[in-house]
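Coordinates as given in model-v8.cif (mmCIF, C-alpha atoms):
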data_data
#
loop_
_atom_site.label_atom_id
_atom_site.label_comp_id
_atom_site.auth_asym_id
_atom_site.auth_seq_id
_atom_site.Cartn_x
_atom_site.Cartn_y
_atom_site.Cartn_z
CA MET A 1 150.25 16.85 114.43
CA ASN A 2 149.10 18.20 117.79
CA ASP A 3 150.19 21.48 119.40
CA ASP A 4 152.91 19.85 121.50
CA GLU A 5 154.44 18.09 118.50
CA LEU A 6 154.33 21.32 116.54
CA ALA A 7 155.95 23.26 119.38
CA THR A 8 158.68 20.64 119.63
CA LEU A 9 159.24 20.83 115.89
CA VAL A 10 159.71 24.61 116.05
CA LYS A 11 162.00 24.38 119.07
CA THR A 12 164.21 21.67 117.66
CA SER A 13 164.43 23.34 114.25
CA VAL A 14 166.66 26.08 115.65
CA THR A 15 168.88 24.09 117.96
CA ASP A 16 171.78 24.43 115.53
CA VAL A 17 171.57 28.22 115.64
CA HIS A 18 174.16 29.78 117.95
CA MET A 19 175.23 33.31 118.76
CA THR A 20 178.86 33.64 117.70
CA THR A 21 179.64 37.17 118.84
CA PRO A 22 182.10 37.03 121.78
CA ALA A 23 181.00 38.61 125.05
CA ASP A 24 184.04 40.90 125.00
CA GLN A 25 182.89 42.38 121.71
CA ILE A 26 179.42 43.02 123.14
CA ILE A 27 180.84 44.67 126.23
CA SER A 28 183.18 46.77 124.12
CA ARG A 29 180.27 47.88 121.97
CA SER A 30 178.30 48.80 125.11
CA HIS A 31 180.95 51.44 125.91
CA ALA A 32 180.17 53.14 122.61
CA VAL A 33 176.46 52.97 123.43
CA ARG A 34 177.08 54.64 126.79
CA THR A 35 179.24 57.33 125.22
CA ARG A 36 176.59 58.09 122.63
CA ARG A 37 173.99 58.54 125.34
CA ARG A 38 176.15 61.13 127.03
CA ILE A 39 176.13 63.47 124.05
CA PRO A 40 173.25 65.79 124.94
CA GLY A 41 170.77 66.67 122.28
CA LEU A 42 172.19 64.37 119.60
CA ALA A 43 169.34 61.90 119.70
CA ALA A 44 166.78 64.69 119.84
CA GLY A 45 168.42 66.40 116.89
CA MET A 46 168.34 63.22 114.84
CA ALA A 47 164.68 62.72 115.67
CA VAL A 48 163.83 66.27 114.57
CA ALA A 49 165.76 65.76 111.32
CA ALA A 50 164.00 62.47 110.67
CA ALA A 51 160.63 64.07 111.33
CA ALA A 52 161.49 66.88 108.92
CA VAL A 53 162.38 64.38 106.20
CA LEU A 54 159.10 62.57 106.76
CA ALA A 55 157.12 65.78 106.64
CA VAL A 56 158.77 66.88 103.41
CA THR A 57 158.26 63.43 101.94
CA ALA A 58 154.58 63.38 102.82
CA LEU A 59 153.94 66.83 101.42
CA LEU A 60 155.86 66.75 98.18
CA PRO A 61 153.46 68.42 95.72
CA GLY A 62 152.28 66.38 92.80
CA ARG A 63 153.89 63.20 94.06
CA SER A 64 150.95 61.64 95.82
CA ALA A 65 147.51 60.64 94.76
CA THR A 66 145.94 61.90 97.93
CA VAL A 67 148.29 64.28 99.70
CA ARG A 68 147.97 67.97 98.98
CA PRO A 69 149.95 70.79 100.61
CA GLY A 70 148.29 71.91 103.80
CA ILE A 71 146.26 68.74 104.28
CA HIS A 72 147.12 66.39 107.10
CA LEU A 73 148.42 62.87 106.51
CA SER A 74 146.30 60.85 104.09
CA ALA A 75 145.34 57.18 104.15
CA TRP A 76 148.35 56.37 101.98
CA THR A 77 151.11 58.06 100.04
CA VAL A 78 152.89 56.91 96.88
CA ILE A 79 156.16 58.47 95.78
CA LYS A 80 158.25 57.49 92.78
CA HIS A 81 161.93 58.29 93.06
CA ALA A 82 164.27 59.14 90.22
CA ASP A 83 165.76 55.64 90.26
CA GLY A 84 162.31 54.21 89.53
CA THR A 85 161.68 52.85 93.03
CA VAL A 86 158.12 53.38 94.18
CA TYR A 87 157.66 54.02 97.89
CA VAL A 88 154.33 53.36 99.52
CA ARG A 89 153.38 54.54 102.97
CA ILE A 90 150.04 53.25 104.26
CA ASN A 91 148.60 55.12 107.23
CA GLN A 92 145.05 53.81 107.17
CA LEU A 93 143.35 50.86 105.51
CA ARG A 94 141.14 52.99 103.30
CA ASP A 95 140.66 53.35 99.54
CA PRO A 96 142.53 50.25 98.29
CA ALA A 97 141.17 50.87 94.79
CA GLY A 98 142.72 54.36 94.78
CA LEU A 99 146.07 52.99 95.91
CA GLN A 100 145.85 50.27 93.29
CA ARG A 101 145.17 52.87 90.56
CA LYS A 102 148.04 55.06 91.74
CA LEU A 103 150.50 52.17 91.77
CA ARG A 104 149.48 51.12 88.28
CA ALA A 105 149.89 54.72 87.13
CA GLU A 106 153.43 54.65 88.54
CA GLY A 107 154.24 51.55 86.51
CA VAL A 108 153.57 48.82 89.07
CA PRO A 109 151.15 46.10 87.91
CA ALA A 110 149.43 45.97 91.27
CA SER A 111 146.51 44.54 93.19
CA VAL A 112 145.67 45.91 96.64
CA VAL A 113 143.49 44.12 99.19
CA PHE A 114 142.66 45.68 102.53
CA GLY A 115 140.82 43.13 104.66
CA ASN A 116 140.58 39.38 104.52
CA PRO A 117 141.59 38.21 101.02
CA LEU A 118 139.29 35.22 101.48
CA ASN A 119 136.37 37.66 101.36
CA VAL A 120 137.39 38.98 97.95
CA GLN A 121 135.14 37.39 95.34
CA PRO A 122 135.85 36.36 92.72
CA LYS A 123 139.53 35.64 93.29
CA PRO A 124 141.13 37.14 90.21
CA CYS A 125 144.79 36.85 91.23
CA GLN A 126 146.97 33.80 90.78
CA TRP A 127 150.41 33.25 92.26
CA TYR A 128 153.21 34.07 89.84
CA HIS A 129 154.66 30.63 89.19
CA GLY A 130 157.78 31.82 87.43
CA ALA A 131 159.18 33.16 90.72
CA VAL A 132 162.65 32.03 91.66
CA ALA A 133 164.22 32.28 95.09
CA GLY A 134 165.26 35.83 95.81
CA LEU A 135 163.01 37.46 93.22
CA LEU A 136 160.51 38.97 95.63
CA PRO A 137 163.19 40.65 97.78
CA LYS A 138 164.49 42.25 94.57
CA VAL A 139 161.06 43.52 93.59
CA VAL A 140 160.14 44.56 97.14
CA PRO A 141 163.52 45.22 98.75
CA SER A 142 162.11 46.63 101.95
CA ILE A 143 158.90 46.45 103.89
CA ALA A 144 158.25 47.74 107.39
CA PRO A 145 154.98 46.99 109.09
CA GLY A 146 154.34 49.12 112.16
CA GLN A 147 151.74 50.08 114.72
CA GLY A 148 150.49 53.22 113.00
CA HIS A 149 151.64 52.78 109.44
CA ALA A 150 153.48 50.51 107.03
CA ILE A 151 156.10 51.45 104.47
CA LEU A 152 157.30 49.43 101.52
CA ALA A 153 159.50 50.00 98.49
CA ILE A 154 158.76 48.45 95.11
CA ARG A 155 161.12 48.24 92.14
CA PRO A 156 158.98 47.79 89.02
CA SER A 157 162.13 47.30 86.92
CA ALA A 158 162.85 44.07 88.80
CA LEU A 159 159.52 42.54 87.79
CA PRO A 160 159.79 39.94 85.04
CA ALA A 161 157.25 40.05 82.23
CA GLY A 162 153.94 38.63 83.37
CA ALA A 163 154.51 39.32 87.06
CA GLY A 164 152.80 41.85 89.29
CA VAL A 165 152.64 42.71 92.96
CA GLN A 166 149.76 42.13 95.33
CA ILE A 167 149.62 43.97 98.65
CA ILE A 168 147.45 42.28 101.26
CA THR A 169 146.77 43.79 104.66
CA PRO A 170 144.23 41.49 106.31
CA THR A 171 143.65 43.07 109.71
CA ASP A 172 145.98 45.89 110.63
CA LEU A 173 149.17 47.54 109.50
CA SER A 174 151.34 45.29 111.66
CA SER A 175 150.75 42.39 109.29
CA ILE A 176 151.16 43.73 105.77
CA GLY A 177 151.86 41.05 103.18
CA VAL A 178 153.24 41.22 99.65
CA ARG A 179 153.32 38.48 97.03
CA LEU A 180 154.06 38.14 93.35
CA VAL A 181 151.06 37.42 91.17
CA SER A 182 150.53 36.76 87.50
CA THR A 183 149.41 39.84 85.64
CA SER A 184 145.89 39.75 84.25
CA GLN A 185 143.11 42.19 83.51
CA GLY A 186 141.19 41.09 86.59
CA CYS A 187 144.14 41.15 88.96
CA THR A 188 146.65 43.81 88.02
CA GLY A 189 144.68 45.63 85.33
CA SER A 190 146.70 44.45 82.34
CA MET B 1 181.56 47.56 137.80
CA GLY B 2 183.47 44.27 137.80
CA THR B 3 180.56 42.47 139.44
CA GLN B 4 178.16 44.07 137.00
CA ARG B 5 180.23 42.88 134.06
CA LEU B 6 180.38 39.41 135.51
CA GLY B 7 176.59 39.41 135.87
CA PHE B 8 176.11 40.54 132.31
CA ALA B 9 178.61 38.05 130.91
CA GLU B 10 176.77 35.23 132.65
CA PHE B 11 173.43 36.48 131.38
CA TYR B 12 174.84 36.74 127.87
CA ARG B 13 176.26 33.24 127.98
CA GLU B 14 173.00 31.73 129.24
CA SER B 15 170.50 33.58 127.08
CA ARG B 16 172.27 34.57 123.87
CA ASP B 17 171.24 31.51 121.84
CA ASP B 18 167.60 31.68 122.94
CA CYS B 19 167.47 35.38 122.08
CA LEU B 20 169.08 34.78 118.70
CA ARG B 21 166.68 31.95 117.85
CA THR B 22 163.70 34.05 118.91
CA VAL B 23 164.77 37.00 116.78
CA LEU B 24 165.68 34.71 113.89
CA ILE B 25 162.14 33.37 113.75
CA SER B 26 160.82 36.92 113.94
CA VAL B 27 163.02 38.42 111.19
CA GLY B 28 163.84 35.31 109.14
CA ASP B 29 167.49 35.96 108.37
CA GLN B 30 170.29 34.60 110.51
CA ASP B 31 172.91 37.25 109.78
CA THR B 32 170.45 40.04 110.41
CA ALA B 33 169.26 38.36 113.60
CA GLN B 34 172.85 37.95 114.80
CA GLU B 35 173.56 41.62 114.21
CA LEU B 36 170.34 42.81 115.86
CA VAL B 37 170.80 40.62 118.92
CA ALA B 38 174.42 41.69 119.33
CA GLU B 39 173.39 45.34 119.31
CA ALA B 40 170.52 44.64 121.72
CA PHE B 41 172.86 42.86 124.12
CA ALA B 42 175.29 45.79 123.89
CA ARG B 43 172.47 48.10 124.91
CA ALA B 44 171.50 45.72 127.70
CA CYS B 45 175.08 45.79 128.91
CA ALA B 46 175.15 49.58 128.76
CA SER B 47 172.03 49.67 130.95
CA TRP B 48 172.73 46.50 132.87
CA ARG B 49 171.82 47.98 136.24
CA THR B 50 168.28 48.57 134.95
CA VAL B 51 167.96 45.56 132.65
CA SER B 52 169.15 43.11 135.30
CA ARG B 53 166.15 44.09 137.42
CA HIS B 54 163.74 43.50 134.56
CA PRO B 55 161.43 40.52 135.23
CA ALA B 56 162.52 38.94 131.93
CA PRO B 57 165.85 40.41 130.74
CA ALA B 58 165.98 38.07 127.73
CA ALA B 59 162.59 39.36 126.63
CA TRP B 60 163.96 42.90 127.01
CA VAL B 61 166.81 41.99 124.66
CA VAL B 62 164.45 40.47 122.10
CA ARG B 63 162.10 43.45 122.22
CA THR B 64 165.06 45.80 121.81
CA ALA B 65 166.40 43.80 118.85
CA LEU B 66 163.03 43.96 117.11
CA ASN B 67 162.80 47.71 117.77
CA ILE B 68 166.28 48.20 116.33
CA SER B 69 165.22 46.29 113.24
CA ILE B 70 162.29 48.64 112.65
CA SER B 71 164.34 51.78 113.40
CA ARG B 72 167.15 50.67 111.13
CA TRP B 73 164.84 50.04 108.25
CA ARG B 74 163.17 53.44 108.67
CA ARG B 75 166.55 55.16 108.73
CA HIS B 76 167.80 53.46 105.57
CA ARG B 77 164.62 52.97 103.61
CA ARG B 78 165.65 55.50 100.97
CA GLU B 79 168.77 53.50 100.22
CA VAL B 80 166.67 50.48 99.18
CA ALA B 81 169.37 48.11 100.31
CA VAL B 82 167.71 46.29 103.16
CA PRO B 83 166.24 42.96 102.10
CA ASP B 84 163.15 42.05 104.02
CA PRO B 85 163.15 38.46 105.15
CA SER B 86 159.39 38.41 105.47
CA ALA B 87 159.34 38.77 101.71
CA VAL B 88 160.11 35.07 101.48
CA ALA B 89 156.50 34.57 102.47
CA ASP B 90 155.93 34.41 98.75
CA LEU B 91 158.47 31.70 98.10
CA PRO B 92 157.30 28.14 97.73
CA ALA B 93 158.08 25.90 100.66
CA GLY B 94 161.52 24.45 100.37
CA ASP B 95 163.25 27.50 99.00
CA GLY B 96 164.16 28.56 102.50
CA VAL B 97 165.78 31.69 103.76
CA ALA B 98 169.23 32.84 102.83
CA GLY B 99 171.72 32.68 105.66
CA SER B 100 169.62 30.42 107.85
CA SER B 101 170.56 26.95 109.02
CA VAL B 102 166.98 26.25 110.00
CA ASP B 103 164.92 23.64 108.18
CA PRO B 104 163.92 25.63 105.08
CA ARG B 105 160.43 24.14 104.88
CA LEU B 106 159.62 25.06 108.44
CA MET B 107 161.18 28.50 108.05
CA ALA B 108 159.17 29.13 104.90
CA ALA B 109 156.02 28.13 106.77
CA LEU B 110 156.94 30.48 109.62
CA MET B 111 157.59 33.29 107.16
CA ARG B 112 154.10 32.88 105.80
CA LEU B 113 152.73 33.87 109.22
CA SER B 114 152.20 37.53 109.99
CA ALA B 115 155.06 39.31 111.75
CA ARG B 116 153.05 39.49 114.96
CA GLN B 117 152.20 35.78 114.85
CA ARG B 118 155.89 34.94 114.38
CA GLN B 119 156.80 37.11 117.35
CA VAL B 120 154.20 35.41 119.53
CA VAL B 121 155.33 31.94 118.45
CA ALA B 122 158.97 32.82 119.07
CA LEU B 123 158.41 34.38 122.49
CA ARG B 124 156.07 31.63 123.66
CA LEU B 125 158.01 28.64 122.36
CA LEU B 126 161.65 29.70 122.35
CA LEU B 127 161.80 32.09 125.31
CA ASP B 128 159.17 30.07 127.18
CA LEU B 129 157.27 33.22 128.11
CA ASP B 130 153.71 32.72 129.31
CA THR B 131 150.79 34.48 127.68
CA ARG B 132 150.85 37.41 130.07
CA ALA B 133 154.59 38.04 129.73
CA THR B 134 154.36 37.76 125.95
CA ALA B 135 151.54 40.29 125.96
CA GLU B 136 153.62 42.71 128.04
CA VAL B 137 156.64 42.40 125.77
CA LEU B 138 154.60 43.01 122.62
CA GLY B 139 152.28 45.62 124.14
CA ILE B 140 149.12 43.70 123.26
CA SER B 141 146.43 41.99 125.33
CA PRO B 142 146.74 38.40 126.58
CA ASN B 143 143.64 37.50 124.57
CA THR B 144 145.31 38.78 121.42
CA VAL B 145 148.39 36.71 122.21
CA MET B 146 146.26 33.60 122.59
CA ALA B 147 144.45 34.34 119.33
CA HIS B 148 147.72 34.89 117.44
CA MET B 149 149.16 31.70 118.90
CA ALA B 150 146.13 29.64 117.97
CA HIS B 151 146.05 31.02 114.43
CA ALA B 152 149.78 30.56 114.00
CA LEU B 153 149.74 26.94 115.16
CA SER B 154 146.76 26.20 112.98
CA ALA B 155 148.44 27.77 109.94
CA LEU B 156 151.70 25.94 110.59
CA ARG B 157 149.87 22.66 111.02
CA ASN B 158 148.03 23.12 107.74
CA ASP B 159 151.18 24.23 105.99
CA LEU B 160 153.33 21.35 107.17
CA ALA B 161 150.84 18.52 107.30
CA PRO B 162 150.67 17.76 103.55
CA GLU B 163 154.44 17.47 103.38
CA ARG B 164 154.49 15.01 106.25
CA GLN B 165 151.71 12.99 104.69
CA HIS B 166 153.58 13.05 101.43
CA GLU B 167 156.69 11.76 103.13
CA SER B 168 154.85 8.87 104.76
CA PRO B 169 154.14 6.03 102.35
CA SER B 170 150.74 4.60 103.10
#
Turn the structure described in the file into structure tokens.
Amino acid sequence: MNDDELATLVKTSVTDVHMTTPADQIISRSHAVRTRRRIPGLAAGMAVAAAAVLAVTALLPGRSATVRPGIHLSAWTVIKHADGTVYVRINQLRDPAGLQRKLRAEGVPASVVFGNPLNVQPKPCQWYHGAVAGLLPKVVPSIAPGQGHAILAIRPSALPAGAGVQIITPTDLSSIGVRLVSTSQGCTGS
Amino acid sequence: MGTQRLGFAEFYRESRDDCLRTVLISVGDQDTAQELVAEAFARACASWRTVSRHPAPAAWVVRTALNISISRWRRHRREVAVPDPSAVADLPAGDGVAGSSVDPRLMAALMRLSARQRQVVALRLLLDLDTRATAEVLGISPNTVMAHMAHALSALRNDLAPERQHESPS
């Protein structure tokens, strides 16, 4: 298959997809957008509040393997919430082994690879073959790659027996990948 | 204002499907894409005087939709209720993406690309942007766009080729 055939395949694959929202509804919604913009300080206030939440989150004592009060943002932060969900924020692609240890300590059978997974030798992780459609979104319900950092949430309770999570970030934080792998001593530590 | 609305309505009618398809390939879920694109068009309408002068208004809409997607996730991440379509990257080909009418095998192959590669593929192929315009929309260099495009096409070709060979009796 050459590039042109491939491009045609991609183009034609979405020809049945149509926007169904009526123009009137869009225009009506735009009035609300305009009104919101006219409220001075609201957006700024929300940004300050969001920043405050982030700051508190990043500096929660005893919740992170690498963050300590008074120290600026670390390479990554792991926080386990009361509902068991483990949140990971990766700021820099450093210390994958430390992140892997921290995740395992928080109850996530995990493997972390920063860099090209093809360079990891030997290859200890195997795909989890018991996966059914929709399982991964339950285990990792949200993931947000970004320019300066990536954030993902992991629910260990959604993992079936024998399954673990592998985080792969080959080049930069805009392309973080997550997959389910079979647990093993070499891959997820157990 | 009446003329402005007319201009926007025409723009919406002509570009809505292309924008939706582009965002769909980027985020992987049709309902989410529909919602994001609707909000982006609403913002375009609210700033139509500015957006209409943009060299590629449809690209503005797509960029805005993708930005909304990221902002929305950040705002609600503590609620753990936002499924991430890129998570289907782990699913075997053929399982497809919920809420999408796109060929599930192709969509699964697209979802195995990185988010940036999907954005480049979508902007280049579905919005017909050239390398330079794609680079401007994504805030990356033209060389990076070309590299992403080449890698994405190569990965798609490898991903889809065995299935096609399998389908063809020799």
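If only C-alpha atoms are the atoms counted, then among B:Glu136, B:Glu10, B:Asp31, B:Asp103 the closest residue to chain A is B:Asp103.
Between Val23 (chain B) and the candidates A:Val17, A:Met1, A:Gly134, A:Phe114, the tightest atom-to-atom separation, counting all atoms listed in the file, involves A:Val17.
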ask   = Which is closer to chain B than all the others in A:Val86, A:Met19, A:Val78, A:Ile167, using all atoms listed in the file?
value = A:Met19
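Of the residues listed (B:Thr50, B:Ser15, B:Ser69, B:Gln117), B:Gln117 shows the shortest atom-to-atom separation from Leu153 (chain B); distances use all atoms listed in the file.
Counting all atoms listed in the file and comparing B:Gln119, B:Val62, B:Ala108, B:Leu126, the residue that lies closest to Val14 (chain A) is B:Leu126.
With only C-alpha atoms as the atoms that count, the residue of A:Thr77, A:Asn91, A:Thr169, A:Thr188 with the shortest distance to Tyr128 (chain A) is A:Thr188.
Taken over the whole file, the PyMOL selection byres ((chain B and resi 116) around 9) covers exactly Ser174 and Ser175 of chain A; Ser26, Leu113, Ser114, Ala115, Gln117, Arg118, Gln119, Val120, Val121, Leu138 and His148 of chain B.
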Write out as a Markdown table a residue-level contact list of chain A versus chain B with cut-off 7 Å: for each qualifying residue the closest pair of atoms and the distance in Å to one decimal, counting all atoms listed in the file, rows sorted by chain and residue number upward.
| residue | atom | partner | partner_atom | distance |
| --- | --- | --- | --- | --- |
| A:Met1 | CA | B:Arg157 | CA | 6.7 |
| A:Asp3 | CA | B:Leu153 | CA | 6.9 |
| A:Ala7 | CA | B:Leu125 | CA | 6.5 |
| A:Lys11 | CA | B:Leu126 | CA | 6.3 |
| A:Ser13 | CA | B:Val102 | CA | 5.7 |
| A:Val14 | CA | B:Val102 | CA | 5.7 |
| A:Val17 | CA | B:Arg21 | CA | 6.5 |
| A:His18 | CA | B:Asp17 | CA | 5.2 |
| A:Met19 | CA | B:Asp17 | CA | 5.4 |
| A:Thr21 | CA | B:Ala38 | CA | 6.9 |
| A:Ala23 | CA | B:Ala9 | CA | 6.4 |
| A:Ile26 | CA | B:Ala42 | CA | 5.0 |
| A:Ile27 | CA | B:Ala42 | CA | 6.1 |
| A:Arg29 | CA | B:Ala42 | CA | 5.7 |
| A:Ser30 | CA | B:Ala42 | CA | 4.4 |
| A:His31 | CA | B:Ala46 | CA | 6.7 |
| A:Val33 | CA | B:Ala46 | CA | 6.5 |
| A:Arg34 | CA | B:Ala46 | CA | 5.8 |
| A:Ala133 | CA | B:Asp95 | CA | 6.3 |
| A:Leu136 | CA | B:Ala87 | CA | 6.2 |
| A:Pro137 | CA | B:Pro83 | CA | 5.8 |
| A:Pro141 | CA | B:Pro83 | CA | 4.9 |
| A:Ser142 | CA | B:Asp84 | CA | 5.1 |
| A:Ile143 | CA | B:Asp84 | CA | 6.1 |
| A:Ala144 | CA | B:Ile70 | CA | 6.7 |
| A:Ser174 | CA | B:Arg116 | CA | 6.9 |
| A:Ser175 | CA | B:Ser114 | CA | 5.1 |
| A:Val178 | CA | B:Ala87 | CA | 6.9 |
| A:Arg179 | CA | B:Asp90 | CA | 5.1 |
| A:Leu180 | CA | B:Asp90 | CA | 6.8 |
Quick one: write out the picked residues with C-alpha atoms as a short mmCIF file (atom, residue, chain, number, x, y, z; two decimals), in the frame of the given file?
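Writing the result to result02.cif gives the following:
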data_model
loop_
_atom_site.label_atom_id
_atom_site.label_comp_id
_atom_site.auth_asym_id
_atom_site.auth_seq_id
_atom_site.Cartn_x
_atom_site.Cartn_y
_atom_site.Cartn_z
CA MET A 1 150.25 16.85 114.43
CA ASP A 3 150.19 21.48 119.40
CA ALA A 7 155.95 23.26 119.38
CA LYS A 11 162.00 24.38 119.07
CA SER A 13 164.43 23.34 114.25
CA VAL A 14 166.66 26.08 115.65
CA VAL A 17 171.57 28.22 115.64
CA HIS A 18 174.16 29.78 117.95
CA MET A 19 175.23 33.31 118.76
CA THR A 21 179.64 37.17 118.84
CA ALA A 23 181.00 38.61 125.05
CA ILE A 26 179.42 43.02 123.14
CA ILE A 27 180.84 44.67 126.23
CA ARG A 29 180.27 47.88 121.97
CA SER A 30 178.30 48.80 125.11
CA HIS A 31 180.95 51.44 125.91
CA VAL A 33 176.46 52.97 123.43
CA ARG A 34 177.08 54.64 126.79
CA ALA A 133 164.22 32.28 95.09
CA LEU A 136 160.51 38.97 95.63
CA PRO A 137 163.19 40.65 97.78
CA PRO A 141 163.52 45.22 98.75
CA SER A 142 162.11 46.63 101.95
CA ILE A 143 158.90 46.45 103.89
CA ALA A 144 158.25 47.74 107.39
CA SER A 174 151.34 45.29 111.66
CA SER A 175 150.75 42.39 109.29
CA VAL A 178 153.24 41.22 99.65
CA ARG A 179 153.32 38.48 97.03
CA LEU A 180 154.06 38.14 93.35
#
